[in-house]
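Student: Got a structure for you, structure.txt, holding compact mmCIF, C-alpha atoms and all ligand atoms.
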```txt
# COMPACT_ATOMS: atom_id res chain seq x y z
CA MET D 1 -17.18 -22.35 -22.48
CA THR D 2 -16.19 -18.69 -22.10
CA LEU D 3 -13.33 -17.67 -19.84
CA GLN D 4 -15.94 -16.35 -17.41
CA GLU D 5 -17.74 -19.70 -17.24
CA ARG D 6 -14.48 -21.59 -16.78
CA ASP D 7 -13.46 -19.12 -14.08
CA GLN D 8 -16.65 -19.77 -12.16
CA LYS D 9 -16.11 -23.50 -12.22
CA PHE D 10 -13.03 -23.68 -9.99
CA ILE D 11 -11.90 -20.25 -8.87
CA TRP D 12 -12.59 -18.59 -5.51
CA HIS D 13 -11.78 -14.87 -5.82
CA PRO D 14 -10.48 -12.63 -3.03
CA LEU D 15 -12.83 -10.10 -1.37
CA THR D 16 -15.75 -11.59 -3.26
CA GLN D 17 -19.15 -12.79 -2.07
CA HIS D 18 -19.70 -15.32 -4.81
CA LYS D 19 -23.39 -15.73 -4.10
CA ILE D 20 -24.00 -12.10 -5.09
CA HIS D 21 -21.19 -11.29 -7.48
CA GLN D 22 -20.38 -14.12 -9.83
CA GLU D 23 -18.78 -12.46 -12.77
CA ALA D 24 -15.11 -11.63 -12.96
CA LEU D 25 -14.08 -9.72 -16.07
CA PRO D 26 -11.46 -11.51 -18.18
CA ILE D 27 -8.50 -9.29 -19.07
CA VAL D 28 -6.31 -10.57 -21.88
CA LYS D 29 -3.64 -7.90 -22.16
CA ALA D 30 -2.34 -4.75 -20.49
CA LYS D 31 -0.07 -2.01 -21.79
CA GLY D 32 0.80 1.36 -20.26
CA ALA D 33 -2.27 2.61 -18.41
CA LEU D 34 -4.64 0.41 -20.43
CA LEU D 35 -6.28 -2.92 -19.70
CA TYR D 36 -7.68 -4.92 -22.63
CA GLY D 37 -10.79 -6.99 -21.96
CA GLU D 38 -11.66 -10.25 -23.66
CA ASP D 39 -14.75 -8.38 -24.86
CA GLY D 40 -12.54 -6.17 -27.05
CA LYS D 41 -13.03 -3.12 -24.82
CA THR D 42 -10.18 -1.17 -23.23
CA TYR D 43 -10.19 0.21 -19.72
CA ILE D 44 -7.99 2.94 -18.25
CA ASP D 45 -6.40 1.47 -15.13
CA GLY D 46 -7.26 4.33 -12.76
CA ILE D 47 -5.79 2.57 -9.71
CA ALA D 48 -2.68 1.05 -11.33
CA SER D 49 -3.94 -2.43 -10.47
CA TRP D 50 -3.84 -1.76 -6.75
CA TYR D 51 -0.96 0.68 -6.88
CA THR D 52 1.50 -1.75 -8.45
CA ALA D 53 1.97 -0.98 -12.18
CA MET D 54 3.12 2.61 -11.67
CA TYR D 55 5.46 2.67 -14.70
CA GLY D 56 2.77 1.27 -16.94
CA HIS D 57 1.73 -2.32 -17.52
CA CYS D 58 4.20 -4.55 -19.37
CA ASN D 59 6.75 -1.76 -19.38
CA ALA D 60 9.28 -2.63 -22.10
CA PHE D 61 12.37 -1.74 -20.06
CA VAL D 62 11.25 -3.72 -17.01
CA LEU D 63 10.32 -6.63 -19.26
CA GLU D 64 13.77 -6.61 -20.87
CA LYS D 65 15.45 -6.71 -17.44
CA ALA D 66 13.15 -9.52 -16.32
CA GLN D 67 13.97 -11.56 -19.43
CA GLU D 68 17.72 -11.04 -18.99
CA GLN D 69 17.52 -12.17 -15.38
CA MET D 70 15.33 -15.19 -16.18
CA GLN D 71 18.04 -16.51 -18.48
CA GLN D 72 20.76 -16.00 -15.90
CA LEU D 73 19.48 -17.10 -12.48
CA ASP D 74 15.86 -17.89 -11.69
CA GLN D 75 15.74 -18.83 -8.03
CA ILE D 76 18.13 -19.66 -5.20
CA VAL D 77 17.65 -20.30 -1.50
CA PHE D 78 18.34 -16.97 0.25
CA SER D 79 19.47 -18.53 3.50
CA GLY D 80 23.17 -19.27 3.06
CA PHE D 81 23.29 -17.98 -0.54
CA THR D 82 23.20 -14.55 -2.11
CA HIS D 83 23.15 -12.99 -5.59
CA GLU D 84 23.92 -9.74 -7.34
CA PRO D 85 20.33 -8.58 -8.05
CA ALA D 86 19.52 -8.69 -4.31
CA ILE D 87 22.79 -6.98 -3.40
CA ARG D 88 22.31 -4.24 -5.98
CA LEU D 89 18.70 -3.76 -4.91
CA SER D 90 19.72 -3.43 -1.25
CA GLU D 91 22.33 -0.82 -2.21
CA GLU D 92 19.83 1.05 -4.36
CA LEU D 93 17.10 1.04 -1.70
CA ILE D 94 19.38 2.14 1.11
CA GLY D 95 20.21 5.13 -1.11
CA LEU D 96 16.52 5.96 -1.55
CA LEU D 97 15.10 5.20 1.90
CA PRO D 98 15.21 7.62 4.84
CA THR D 99 18.84 7.86 5.97
CA ASN D 100 18.37 5.91 9.22
CA GLN D 101 17.47 2.70 7.34
CA GLU D 102 20.41 0.29 7.10
CA LYS D 103 19.20 -3.27 6.62
CA ILE D 104 16.93 -4.90 4.04
CA PHE D 105 14.87 -8.03 4.79
CA PHE D 106 13.11 -9.71 1.86
CA SER D 107 9.71 -11.38 1.69
CA ASP D 108 6.93 -11.65 -0.85
CA ASN D 109 3.80 -9.61 -0.09
CA GLY D 110 2.72 -6.49 1.77
CA SER D 111 0.91 -8.26 4.62
CA THR D 112 3.99 -10.32 5.29
CA ALA D 113 6.27 -7.28 5.16
CA ASN D 114 4.15 -5.83 7.99
CA GLU D 115 3.99 -9.15 9.81
CA ILE D 116 7.80 -9.13 9.74
CA GLY D 117 7.91 -5.52 10.99
CA ILE D 118 5.66 -6.43 13.91
CA LYS D 119 7.70 -9.55 14.69
CA MET D 120 10.93 -7.53 14.53
CA ALA D 121 9.50 -5.04 17.04
CA LEU D 122 8.33 -7.80 19.40
CA GLN D 123 11.59 -9.73 19.20
CA TYR D 124 13.69 -6.59 19.49
CA HIS D 125 12.38 -6.12 23.04
CA PHE D 126 12.40 -9.86 23.76
CA ASN D 127 16.08 -10.07 22.77
CA LYS D 128 16.80 -7.24 25.20
CA GLY D 129 15.17 -9.23 27.98
CA LYS D 130 11.90 -7.29 28.05
CA LYS D 131 8.53 -8.82 27.35
CA LYS D 132 6.42 -6.28 25.49
CA ASN D 133 3.25 -7.59 23.90
CA THR D 134 1.20 -4.62 22.81
CA ILE D 135 1.18 -3.04 19.38
CA ILE D 136 -0.38 0.38 18.82
CA ALA D 137 -2.16 1.10 15.54
CA PHE D 138 -4.45 3.71 14.06
CA GLU D 139 -8.19 3.15 14.05
CA ASN D 140 -9.29 2.08 10.56
CA GLY D 141 -5.77 1.36 9.37
CA PHE D 142 -5.13 -1.48 6.98
CA HIS D 143 -1.97 -3.55 7.10
CA GLY D 144 -2.93 -6.81 5.40
CA ASP D 145 -4.64 -10.12 5.91
CA THR D 146 -2.16 -12.35 7.78
CA PHE D 147 -2.82 -12.64 11.53
CA GLY D 148 -0.46 -10.00 12.87
CA ALA D 149 -1.19 -7.54 10.07
CA MET D 150 -4.92 -8.27 10.38
CA SER D 151 -4.80 -7.71 14.14
CA ALA D 152 -3.31 -4.29 13.56
CA SER D 153 -5.90 -3.47 10.88
CA GLY D 154 -9.07 -1.84 12.04
CA LEU D 155 -11.55 -2.55 9.27
CA SER D 156 -13.85 -5.02 10.95
CA VAL D 157 -15.66 -6.42 7.94
CA TYR D 158 -12.55 -8.46 7.21
CA ASN D 159 -11.78 -9.38 10.79
CA GLY D 160 -14.93 -10.65 12.52
CA PRO D 161 -14.33 -14.42 12.67
CA PHE D 162 -10.71 -14.11 13.79
CA GLU D 163 -10.75 -11.52 16.54
CA ASP D 164 -10.34 -14.08 19.34
CA PHE D 165 -6.92 -14.96 17.97
CA PHE D 166 -5.53 -11.48 17.55
CA ILE D 167 -2.34 -10.14 19.07
CA ASP D 168 -2.92 -7.31 21.55
CA VAL D 169 -3.49 -4.09 19.63
CA GLN D 170 -4.47 -0.74 21.17
CA ARG D 171 -5.75 2.00 18.91
CA ILE D 172 -5.46 5.73 18.53
CA PRO D 173 -7.41 7.88 16.06
CA THR D 174 -5.59 9.53 13.16
CA PRO D 175 -4.79 13.10 14.22
CA THR D 176 -6.33 16.34 13.02
CA ALA D 177 -5.50 19.93 14.00
CA ASP D 178 -8.31 19.79 16.55
CA SER D 179 -7.61 16.33 17.95
CA ILE D 180 -3.81 16.06 18.08
CA GLU D 181 -3.61 16.92 21.79
CA GLU D 182 -6.20 14.25 22.60
CA VAL D 183 -4.47 11.70 20.39
CA ILE D 184 -1.15 12.31 22.15
CA GLU D 185 -2.86 11.96 25.52
CA LYS D 186 -4.47 8.69 24.48
CA LEU D 187 -1.14 7.45 23.15
CA LEU D 188 0.54 8.25 26.46
CA THR D 189 -2.23 6.52 28.42
CA ILE D 190 -1.77 3.37 26.33
CA ILE D 191 2.02 3.50 26.74
CA ASN D 192 1.67 3.95 30.52
CA ASN D 193 -0.80 1.10 30.91
CA HIS D 194 0.62 -1.51 28.54
CA ASP D 195 3.96 -2.99 27.63
CA VAL D 196 4.09 -1.45 24.17
CA ALA D 197 6.49 -2.98 21.66
CA GLY D 198 5.68 -0.94 18.58
CA PHE D 199 3.43 1.44 16.66
CA ILE D 200 2.42 0.54 13.10
CA TYR D 201 0.89 3.14 10.80
CA GLU D 202 0.33 4.12 7.21
CA PRO D 203 2.17 7.44 6.83
CA LEU D 204 -0.02 10.32 5.55
CA VAL D 205 -2.53 8.26 3.55
CA GLN D 206 -4.64 5.31 4.73
CA GLY D 207 -5.39 3.51 1.48
CA ALA D 208 -8.09 1.01 2.40
CA ASN D 209 -9.66 3.55 4.77
CA SER D 210 -11.03 5.42 1.76
CA MET D 211 -7.77 7.28 1.16
CA HIS D 212 -8.06 9.09 4.47
CA MET D 213 -5.25 11.64 4.74
CA TYR D 214 -3.62 13.29 7.73
CA ASP D 215 -0.89 15.84 8.28
CA ALA D 216 2.82 14.98 8.56
CA ARG D 217 3.28 17.47 11.40
CA TYR D 218 0.94 15.49 13.68
CA LEU D 219 2.52 12.21 12.63
CA ASN D 220 5.81 13.75 13.66
CA GLN D 221 4.44 14.55 17.13
CA ILE D 222 3.22 10.97 17.54
CA LEU D 223 6.57 9.54 16.42
CA ALA D 224 8.38 11.81 18.90
CA VAL D 225 6.34 10.35 21.78
CA CYS D 226 7.03 6.81 20.54
CA ASN D 227 10.77 7.54 20.37
CA ASP D 228 10.76 8.98 23.89
CA HIS D 229 9.17 5.81 25.25
CA GLY D 230 11.11 3.11 23.41
CA VAL D 231 8.18 2.24 21.14
CA ILE D 232 9.48 0.87 17.83
CA THR D 233 7.84 2.71 14.92
CA ILE D 234 6.81 0.76 11.82
CA ALA D 235 5.82 2.71 8.71
CA ASP D 236 3.62 0.69 6.38
CA GLU D 237 4.66 2.17 3.03
CA VAL D 238 3.19 -0.70 1.03
CA MET D 239 0.78 1.71 -0.69
CA THR D 240 2.50 5.09 -0.20
CA GLY D 241 6.04 4.09 -1.21
CA PHE D 242 7.87 4.80 -4.47
CA GLY D 243 6.84 8.34 -5.30
CA LYS D 244 3.08 8.37 -4.85
CA THR D 245 2.99 11.13 -2.23
CA GLY D 246 5.37 13.37 -4.19
CA LYS D 247 8.43 12.09 -2.33
CA MET D 248 10.08 8.68 -2.66
CA PHE D 249 8.51 7.58 0.64
CA ALA D 250 5.67 9.24 2.54
CA SER D 251 7.80 9.05 5.70
CA GLU D 252 10.06 11.76 4.27
CA HIS D 253 7.28 14.31 4.75
CA ALA D 254 7.85 14.07 8.52
CA GLU D 255 11.06 15.00 10.29
CA ILE D 256 11.29 11.92 12.48
CA GLN D 257 11.98 8.73 10.58
CA PRO D 258 10.52 5.32 11.45
CA ASP D 259 12.62 2.45 12.84
CA ILE D 260 11.11 -0.02 10.37
CA ILE D 261 9.59 0.45 6.90
CA SER D 262 7.56 -2.11 4.97
CA MET D 263 7.15 -1.92 1.21
CA SER D 264 5.67 -3.94 -1.63
CA LYS D 265 3.16 -3.19 -4.44
CA ALA D 266 5.04 -0.68 -6.70
CA LEU D 267 8.33 -2.18 -5.48
CA THR D 268 8.18 -4.65 -8.37
CA ALA D 269 6.46 -2.42 -10.95
CA GLY D 270 3.43 -4.69 -11.21
CA PHE D 271 5.41 -7.62 -12.61
CA VAL D 272 5.86 -10.18 -9.83
CA PRO D 273 5.22 -10.31 -6.07
CA MET D 274 7.90 -9.21 -3.65
CA ALA D 275 8.09 -7.27 -0.40
CA ILE D 276 10.80 -5.77 1.77
CA THR D 277 11.02 -4.74 5.40
CA SER D 278 13.87 -2.34 6.09
CA CYS D 279 15.14 -1.37 9.52
CA THR D 280 17.74 0.66 11.38
CA LYS D 281 21.07 -0.63 12.58
CA GLU D 282 19.77 -0.49 16.14
CA ILE D 283 16.98 -2.99 15.36
CA TYR D 284 19.36 -5.26 13.45
CA ASP D 285 22.00 -5.17 16.18
CA ALA D 286 19.48 -6.40 18.77
CA PHE D 287 19.38 -9.71 16.86
CA LEU D 288 23.16 -10.24 16.89
CA ASP D 289 24.34 -12.69 19.52
CA ASP D 290 26.62 -15.67 20.07
CA SER D 291 23.51 -17.77 20.48
CA VAL D 292 21.46 -18.66 17.42
CA GLY D 293 18.29 -18.16 19.44
CA LYS D 294 18.32 -14.39 19.08
CA ALA D 295 18.36 -14.56 15.27
CA PHE D 296 15.28 -13.68 13.26
CA PHE D 297 13.78 -17.04 12.34
CA HIS D 298 11.49 -15.95 9.60
CA ALA D 299 11.81 -17.03 5.99
CA HIS D 300 9.80 -17.35 2.83
CA THR D 301 10.81 -19.73 0.09
CA TYR D 302 10.84 -17.05 -2.60
CA SER D 303 12.64 -14.43 -0.46
CA ALA D 304 14.70 -12.12 -2.71
CA ASN D 305 13.78 -14.04 -5.85
CA PRO D 306 16.36 -12.85 -8.42
CA ILE D 307 13.77 -12.07 -11.09
CA ALA D 308 11.77 -9.96 -8.63
CA CYS D 309 14.95 -8.14 -7.62
CA ALA D 310 15.88 -7.45 -11.26
CA VAL D 311 12.38 -6.15 -11.96
CA SER D 312 12.52 -3.97 -8.88
CA LEU D 313 15.87 -2.48 -9.91
CA ALA D 314 14.43 -1.67 -13.34
CA GLY D 315 11.38 -0.04 -11.73
CA ILE D 316 13.51 2.08 -9.43
CA SER D 317 15.68 3.32 -12.30
CA LEU D 318 12.50 4.38 -14.11
CA LEU D 319 11.20 6.08 -10.95
CA LYS D 320 14.41 8.11 -10.74
CA SER D 321 14.29 9.11 -14.42
CA ASP D 322 13.43 12.68 -15.45
CA GLU D 323 10.58 11.31 -17.49
CA ILE D 324 8.74 9.76 -14.54
CA GLN D 325 9.62 12.58 -12.13
CA THR D 326 8.23 15.12 -14.63
CA SER D 327 5.16 12.99 -15.08
CA ILE D 328 4.55 12.88 -11.32
CA LYS D 329 4.57 16.69 -11.24
CA ARG D 330 2.26 16.79 -14.25
CA ILE D 331 -0.29 14.46 -12.59
CA ILE D 332 -0.16 16.40 -9.30
CA ALA D 333 -0.90 19.68 -11.13
CA SER D 334 -3.55 18.07 -13.29
CA HIS D 335 -5.43 16.70 -10.24
CA GLN D 336 -5.25 20.14 -8.60
CA GLN D 337 -6.82 21.73 -11.65
CA PHE D 338 -9.54 19.11 -11.78
CA ASN D 339 -10.17 19.59 -8.09
CA ASP D 340 -10.70 23.33 -8.58
CA SER D 341 -13.32 22.59 -11.20
CA ILE D 342 -15.45 20.21 -9.10
CA LYS D 343 -14.82 20.88 -5.41
CA ASN D 344 -17.89 23.12 -5.15
CA HIS D 345 -20.21 20.74 -6.94
CA PRO D 346 -23.31 20.08 -4.80
CA LYS D 347 -22.71 16.31 -4.91
CA VAL D 348 -19.13 16.64 -3.66
CA LYS D 349 -18.83 16.51 0.12
CA SER D 350 -15.06 16.88 0.34
CA THR D 351 -11.88 16.35 -1.65
CA ARG D 352 -8.26 15.65 -0.75
CA GLN D 353 -4.93 15.06 -2.45
CA THR D 354 -1.48 13.90 -1.44
CA GLY D 355 0.96 13.71 -4.35
CA ILE D 356 -0.66 11.80 -7.20
CA ILE D 357 -3.32 10.31 -4.91
CA TYR D 358 -6.61 12.15 -5.36
CA ALA D 359 -9.85 11.34 -3.54
CA MET D 360 -13.34 12.79 -3.22
CA ASP D 361 -16.26 11.91 -0.99
CA LEU D 362 -19.66 12.02 -2.67
CA ASP D 363 -22.41 13.72 -0.73
CA ILE D 364 -24.69 10.69 -0.82
CA GLU D 365 -25.57 7.99 1.69
CA MET D 366 -24.14 4.60 0.81
CA ASP D 367 -22.74 1.43 2.36
CA ARG D 368 -19.14 0.51 1.83
CA TYR D 369 -20.15 -2.74 0.12
CA GLY D 370 -23.68 -1.73 -0.85
CA LYS D 371 -25.42 -1.88 -4.22
CA LYS D 372 -24.72 1.75 -5.04
CA ARG D 373 -20.98 1.17 -4.91
CA TYR D 374 -21.26 -1.49 -7.61
CA GLU D 375 -23.47 0.80 -9.69
CA ILE D 376 -20.79 3.49 -9.60
CA PHE D 377 -18.15 0.90 -10.44
CA ASP D 378 -20.22 -0.20 -13.45
CA PHE D 379 -20.82 3.40 -14.48
CA PHE D 380 -17.07 3.92 -14.88
CA MET D 381 -16.43 0.54 -16.49
CA GLN D 382 -19.04 1.29 -19.13
CA LYS D 383 -17.05 4.41 -19.93
CA GLY D 384 -13.88 2.33 -20.21
CA ILE D 385 -12.41 3.33 -16.85
CA PHE D 386 -11.37 1.07 -13.99
CA LEU D 387 -11.88 2.93 -10.73
CA ARG D 388 -12.67 1.15 -7.50
CA PRO D 389 -14.89 3.29 -5.24
CA LEU D 390 -14.51 2.71 -1.50
CA GLY D 391 -17.94 3.46 -0.05
CA ASN D 392 -18.81 6.98 -1.15
CA THR D 393 -15.17 7.73 -1.93
CA ILE D 394 -13.93 7.87 -5.48
CA TYR D 395 -10.18 7.99 -5.83
CA ILE D 396 -7.62 8.13 -8.61
CA LEU D 397 -4.20 6.53 -8.29
CA ALA D 398 -3.21 6.14 -11.93
CA PRO D 399 0.13 4.87 -13.24
CA TYR D 400 2.77 7.59 -13.65
CA VAL D 401 2.60 7.04 -17.41
CA VAL D 402 -1.10 7.92 -17.66
CA THR D 403 -1.54 10.46 -20.49
CA ASN D 404 -3.29 13.82 -20.13
CA GLU D 405 -5.96 12.55 -22.47
CA GLN D 406 -6.56 9.50 -20.28
CA LEU D 407 -6.69 11.70 -17.18
CA ASN D 408 -9.26 13.91 -18.90
CA THR D 409 -11.35 10.88 -19.75
CA ILE D 410 -11.36 9.96 -16.06
CA TYR D 411 -12.19 13.54 -14.99
CA GLU D 412 -15.03 13.83 -17.53
CA ALA D 413 -16.49 10.54 -16.34
CA ILE D 414 -16.40 11.70 -12.72
CA LYS D 415 -18.09 14.97 -13.71
CA SER D 416 -20.80 13.15 -15.56
CA LEU D 417 -21.32 10.86 -12.55
CA LEU D 418 -21.69 13.94 -10.34
CA ASP D 419 -24.25 15.42 -12.72
CA THR D 420 -26.36 12.28 -12.97
CA ILE D 421 -26.20 10.73 -9.51
C1 LIG W 501 -2.06 -3.66 0.00
C2 LIG W 501 -1.62 -3.24 1.34
C3 LIG W 501 -1.16 -4.19 2.28
C4 LIG W 501 -1.20 -5.65 2.01
O1 LIG W 501 -0.34 -6.03 0.98
P1 LIG W 501 -0.57 -7.41 0.23
O2 LIG W 501 0.55 -7.52 -0.73
O3 LIG W 501 -1.91 -7.29 -0.45
O4 LIG W 501 -0.57 -8.48 1.25
C5 LIG W 501 -0.71 -3.71 3.49
N1 LIG W 501 -0.68 -2.41 3.78
C6 LIG W 501 -1.11 -1.47 2.91
C7 LIG W 501 -1.05 -0.04 3.29
C8 LIG W 501 -1.60 -1.86 1.67
O5 LIG W 501 -2.03 -0.94 0.80
```
Before we go any further, please render this structure as structure tokens.
Ligand SMILES: *Cc1c(COP(=O)(O)O)cnc(C)c1O
Tutor:
Amino acid sequence: MTLQERDQKFIWHPLTQHKIHQEALPIVKAKGALLYGEDGKTYIDGIASWYTAMYGHCNAFVLEKAQEQMQQLDQIVFSGFTHEPAIRLSEELIGLLPTNQEKIFFSDNGSTANEIGIKMALQYHFNKGKKKNTIIAFENGFHGDTFGAMSASGLSVYNGPFEDFFIDVQRIPTPTADSIEEVIEKLLTIINNHDVAGFIYEPLVQGANSMHMYDARYLNQILAVCNDHGVITIADEVMTGFGKTGKMFASEHAEIQPDIISMSKALTAGFVPMAITSCTKEIYDAFLDDSVGKAFFHAHTYSANPIACAVSLAGISLLKSDEIQTSIKRIIASHQQFNDSIKNHPKVKSTRQTGIIYAMDLDIEMDRYGKKRYEIFDFFMQKGIFLRPLGNTIYILAPYVVTNEQLNTIYEAIKSLLDTI
């Protein structure tokens, strides 16, 4: 039996309607920006395997650090014990994060990091003797698939069967120059009519919402209103974190910093799962009490796994290196040049870029999960490129180590799609 046949026997894949799409492509190896298929073909990983492997797959330096750690300490309960990799990582992150962040809470995936952020916001008020049950979120945001994170997400195709069990979430649209006044008004109406605990948002770029982008100035205005009204702000940096927007964290593009920040994905350089929720001293202090009851009773077995921490430290040292920082600038400039060459193409409806994240909307009618989307996906795969169109949006979020030649291959493929579609 082939790997594909064996896969189909027992495996249920995420985000997959198995009645329509049965075939998962076996990948046997990955290196740098390349994926190697069982079929002998190579594919440029144009989305860094969901924004994780930013320093390149199987990065030799990260691998070395992982191996060293594996031989030293593999796993230890993080309640009542601690270890140097976690301590060093906390020190490192506090140095990188917006200056108001002072505490690091570990977990193991992006949804959970947001779940923790939401729970921190709810319990923060509860611990202060106030019952606040409403969370504000952007329309069409995506924060993950656990119940709290799913409640705050606005993409209904995922949510239908579960909506009766959601926490109370009120929504505002993402702001534009024309709509910011209205958005602020709506925000104030929600705050005045509900007991609002927190506001969760993806800063600057909404990944799952077809890489929708909005301006930091308007985010700043929204955060100012939240601050004025005691609404805890939670920045979901699971996608945007670790350099993708041209700064370490997208939140740095705005003046006002969030109370809580969730991160995952590139945090561990594509090697192993881990997530972190950071917060300010003010949040943390609200959980300090002589009674145990005010503590944060949330734990995951693999919290702060030492190998994940070691891998994360290695990734961060790469991110800070001249080599990666230069590469980020190179990719930003390269996307800009490409954009100039295609933005007026008749099949291009609009384009946008924040840092190394580049997206374009095709001027054609298509469903988010329709047949056409899979045709476009196949078109790129046949050219040896892994891109994952979201509806009529094609986006590039390549690893920082992607070469100019690989970028050109992606650009040429997009151009040829535009000319043939
Ligand atoms: C991927 C993602 C999540 C969910 O993270 P998982 O690790 O897949 O649970 C949450 N928020 C954003 C912005 C994401 O991109």
Student: May I ask which of the residues D:Tyr302, D:Phe338, D:Tyr395, D:Phe386 is the closest one to D:Tyr358, counting all atoms listed in the file?
Tutor: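 Ranking D:Tyr302, D:Phe338, D:Tyr395, D:Phe386 by distance to D:Tyr358, first place goes to D:Tyr395.
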Student: Hey, what's within 6 Å of stretch 25-27 of chain D if we count only C-alpha atoms and toss same-chain stuff fewer than 2 positions away? As a ChimeraX atom specification, please?
Tutor: /D:29,36-38
Student: Counting only C-alpha atoms and all ligand atoms, which protein, DNA or RNA residues come within 8 Å of ligand LIG 501 (chain W), given as JSON, numbers by chain?
Tutor: {"D": [50, 51, 108, 109, 110, 111, 112, 113, 114, 141, 142, 143, 144, 145, 146, 149, 202, 206, 207, 208, 236, 237, 238, 239, 240, 264, 265, 273, 275]}
Student: Report, in Å with one decimal, the straight-line distance from atom CA of D:Val231 to atom CA of D:Gly198.
Tutor: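 Interatomic distance here is 4.8 Å.
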Student: For atom CA of D:Gln257 and atom CA of D:Lys244, quote the distance in Å rounded to one decimal.
Tutor: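 Atom CA of D:Gln257 sits 17.8 Å away from atom CA of D:Lys244.
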Student: Could you check the closest approach to D:Pro389 for each of D:Ile116, D:Met360, D:Cys309, D:Ala53 and tell me which residue wins, using only C-alpha atoms?
Tutor: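 Among the listed residues, the smallest separation from D:Pro389 belongs to D:Met360.
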Student: My list of candidates is D:Ile87, D:Met248, D:Ile256, D:Ile276. Which is closest to D:Glu115 when distances are computed with all atoms listed in the file?
Tutor: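 Comparing D:Ile87, D:Met248, D:Ile256, D:Ile276 against D:Glu115, the winner is D:Ile276.
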Student: From the options D:Ala286, D:Ala177, D:Ile104, D:Val272, which residue's atoms come nearest to D:Glu91, counting only C-alpha atoms?
Tutor: D:Ile104
Student: So which residues touch D:Ile376 within 8 Å, counting all atoms listed in the file, skipping near sequence neighbours fewer than 3 positions away, as a list of chain:residue names?
Tutor: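 Those residues are D:Lys372, D:Arg373, D:Phe379, D:Phe380, D:Pro389, D:Leu417.
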Student: Generate N, CA, C and O atoms for stretch 54-65 of chain D and emit them as a PDB file, in the coordinates of the input.
Tutor:
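Writing the result to rebuild-v3.pdb gives the following:
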```pdb
ATOM      1  N   MET D  54       2.985   1.151 -11.612  1.00  0.00           N
ATOM      2  CA  MET D  54       3.120   2.610 -11.670  1.00  0.00           C
ATOM      3  C   MET D  54       3.874   3.092 -12.915  1.00  0.00           C
ATOM      4  O   MET D  54       3.723   4.223 -13.324  1.00  0.00           O
ATOM      5  N   TYR D  55       4.710   2.246 -13.503  1.00  0.00           N
ATOM      6  CA  TYR D  55       5.460   2.670 -14.700  1.00  0.00           C
ATOM      7  C   TYR D  55       4.773   2.196 -15.965  1.00  0.00           C
ATOM      8  O   TYR D  55       5.366   2.194 -17.044  1.00  0.00           O
ATOM      9  N   GLY D  56       3.535   1.776 -15.819  1.00  0.00           N
ATOM     10  CA  GLY D  56       2.770   1.270 -16.940  1.00  0.00           C
ATOM     11  C   GLY D  56       2.856  -0.247 -16.996  1.00  0.00           C
ATOM     12  O   GLY D  56       3.889  -0.848 -16.671  1.00  0.00           O
ATOM     13  N   HIS D  57       1.763  -0.853 -17.399  1.00  0.00           N
ATOM     14  CA  HIS D  57       1.730  -2.320 -17.520  1.00  0.00           C
ATOM     15  C   HIS D  57       2.695  -2.774 -18.605  1.00  0.00           C
ATOM     16  O   HIS D  57       2.864  -2.105 -19.631  1.00  0.00           O
ATOM     17  N   CYS D  58       3.299  -3.926 -18.390  1.00  0.00           N
ATOM     18  CA  CYS D  58       4.200  -4.550 -19.370  1.00  0.00           C
ATOM     19  C   CYS D  58       5.223  -3.554 -19.896  1.00  0.00           C
ATOM     20  O   CYS D  58       5.515  -3.517 -21.107  1.00  0.00           O
ATOM     21  N   ASN D  59       5.743  -2.756 -18.993  1.00  0.00           N
ATOM     22  CA  ASN D  59       6.750  -1.760 -19.380  1.00  0.00           C
ATOM     23  C   ASN D  59       7.932  -2.454 -20.076  1.00  0.00           C
ATOM     24  O   ASN D  59       8.501  -3.416 -19.555  1.00  0.00           O
ATOM     25  N   ALA D  60       8.288  -1.948 -21.256  1.00  0.00           N
ATOM     26  CA  ALA D  60       9.280  -2.630 -22.100  1.00  0.00           C
ATOM     27  C   ALA D  60      10.645  -2.759 -21.424  1.00  0.00           C
ATOM     28  O   ALA D  60      11.309  -3.797 -21.521  1.00  0.00           O
ATOM     29  N   PHE D  61      11.053  -1.716 -20.722  1.00  0.00           N
ATOM     30  CA  PHE D  61      12.370  -1.740 -20.060  1.00  0.00           C
ATOM     31  C   PHE D  61      12.385  -2.759 -18.918  1.00  0.00           C
ATOM     32  O   PHE D  61      13.339  -3.539 -18.778  1.00  0.00           O
ATOM     33  N   VAL D  62      11.323  -2.760 -18.127  1.00  0.00           N
ATOM     34  CA  VAL D  62      11.250  -3.720 -17.010  1.00  0.00           C
ATOM     35  C   VAL D  62      11.210  -5.146 -17.566  1.00  0.00           C
ATOM     36  O   VAL D  62      11.889  -6.050 -17.059  1.00  0.00           O
ATOM     37  N   LEU D  63      10.444  -5.312 -18.637  1.00  0.00           N
ATOM     38  CA  LEU D  63      10.320  -6.630 -19.260  1.00  0.00           C
ATOM     39  C   LEU D  63      11.683  -7.136 -19.747  1.00  0.00           C
ATOM     40  O   LEU D  63      12.051  -8.292 -19.537  1.00  0.00           O
ATOM     41  N   GLU D  64      12.454  -6.242 -20.366  1.00  0.00           N
ATOM     42  CA  GLU D  64      13.770  -6.610 -20.870  1.00  0.00           C
ATOM     43  C   GLU D  64      14.664  -7.082 -19.713  1.00  0.00           C
ATOM     44  O   GLU D  64      15.357  -8.090 -19.808  1.00  0.00           O
ATOM     45  N   LYS D  65      14.625  -6.350 -18.600  1.00  0.00           N
ATOM     46  CA  LYS D  65      15.450  -6.710 -17.440  1.00  0.00           C
ATOM     47  C   LYS D  65      14.990  -8.038 -16.831  1.00  0.00           C
ATOM     48  O   LYS D  65      15.813  -8.833 -16.360  1.00  0.00           O
TER      49      LYS D  65
END
```
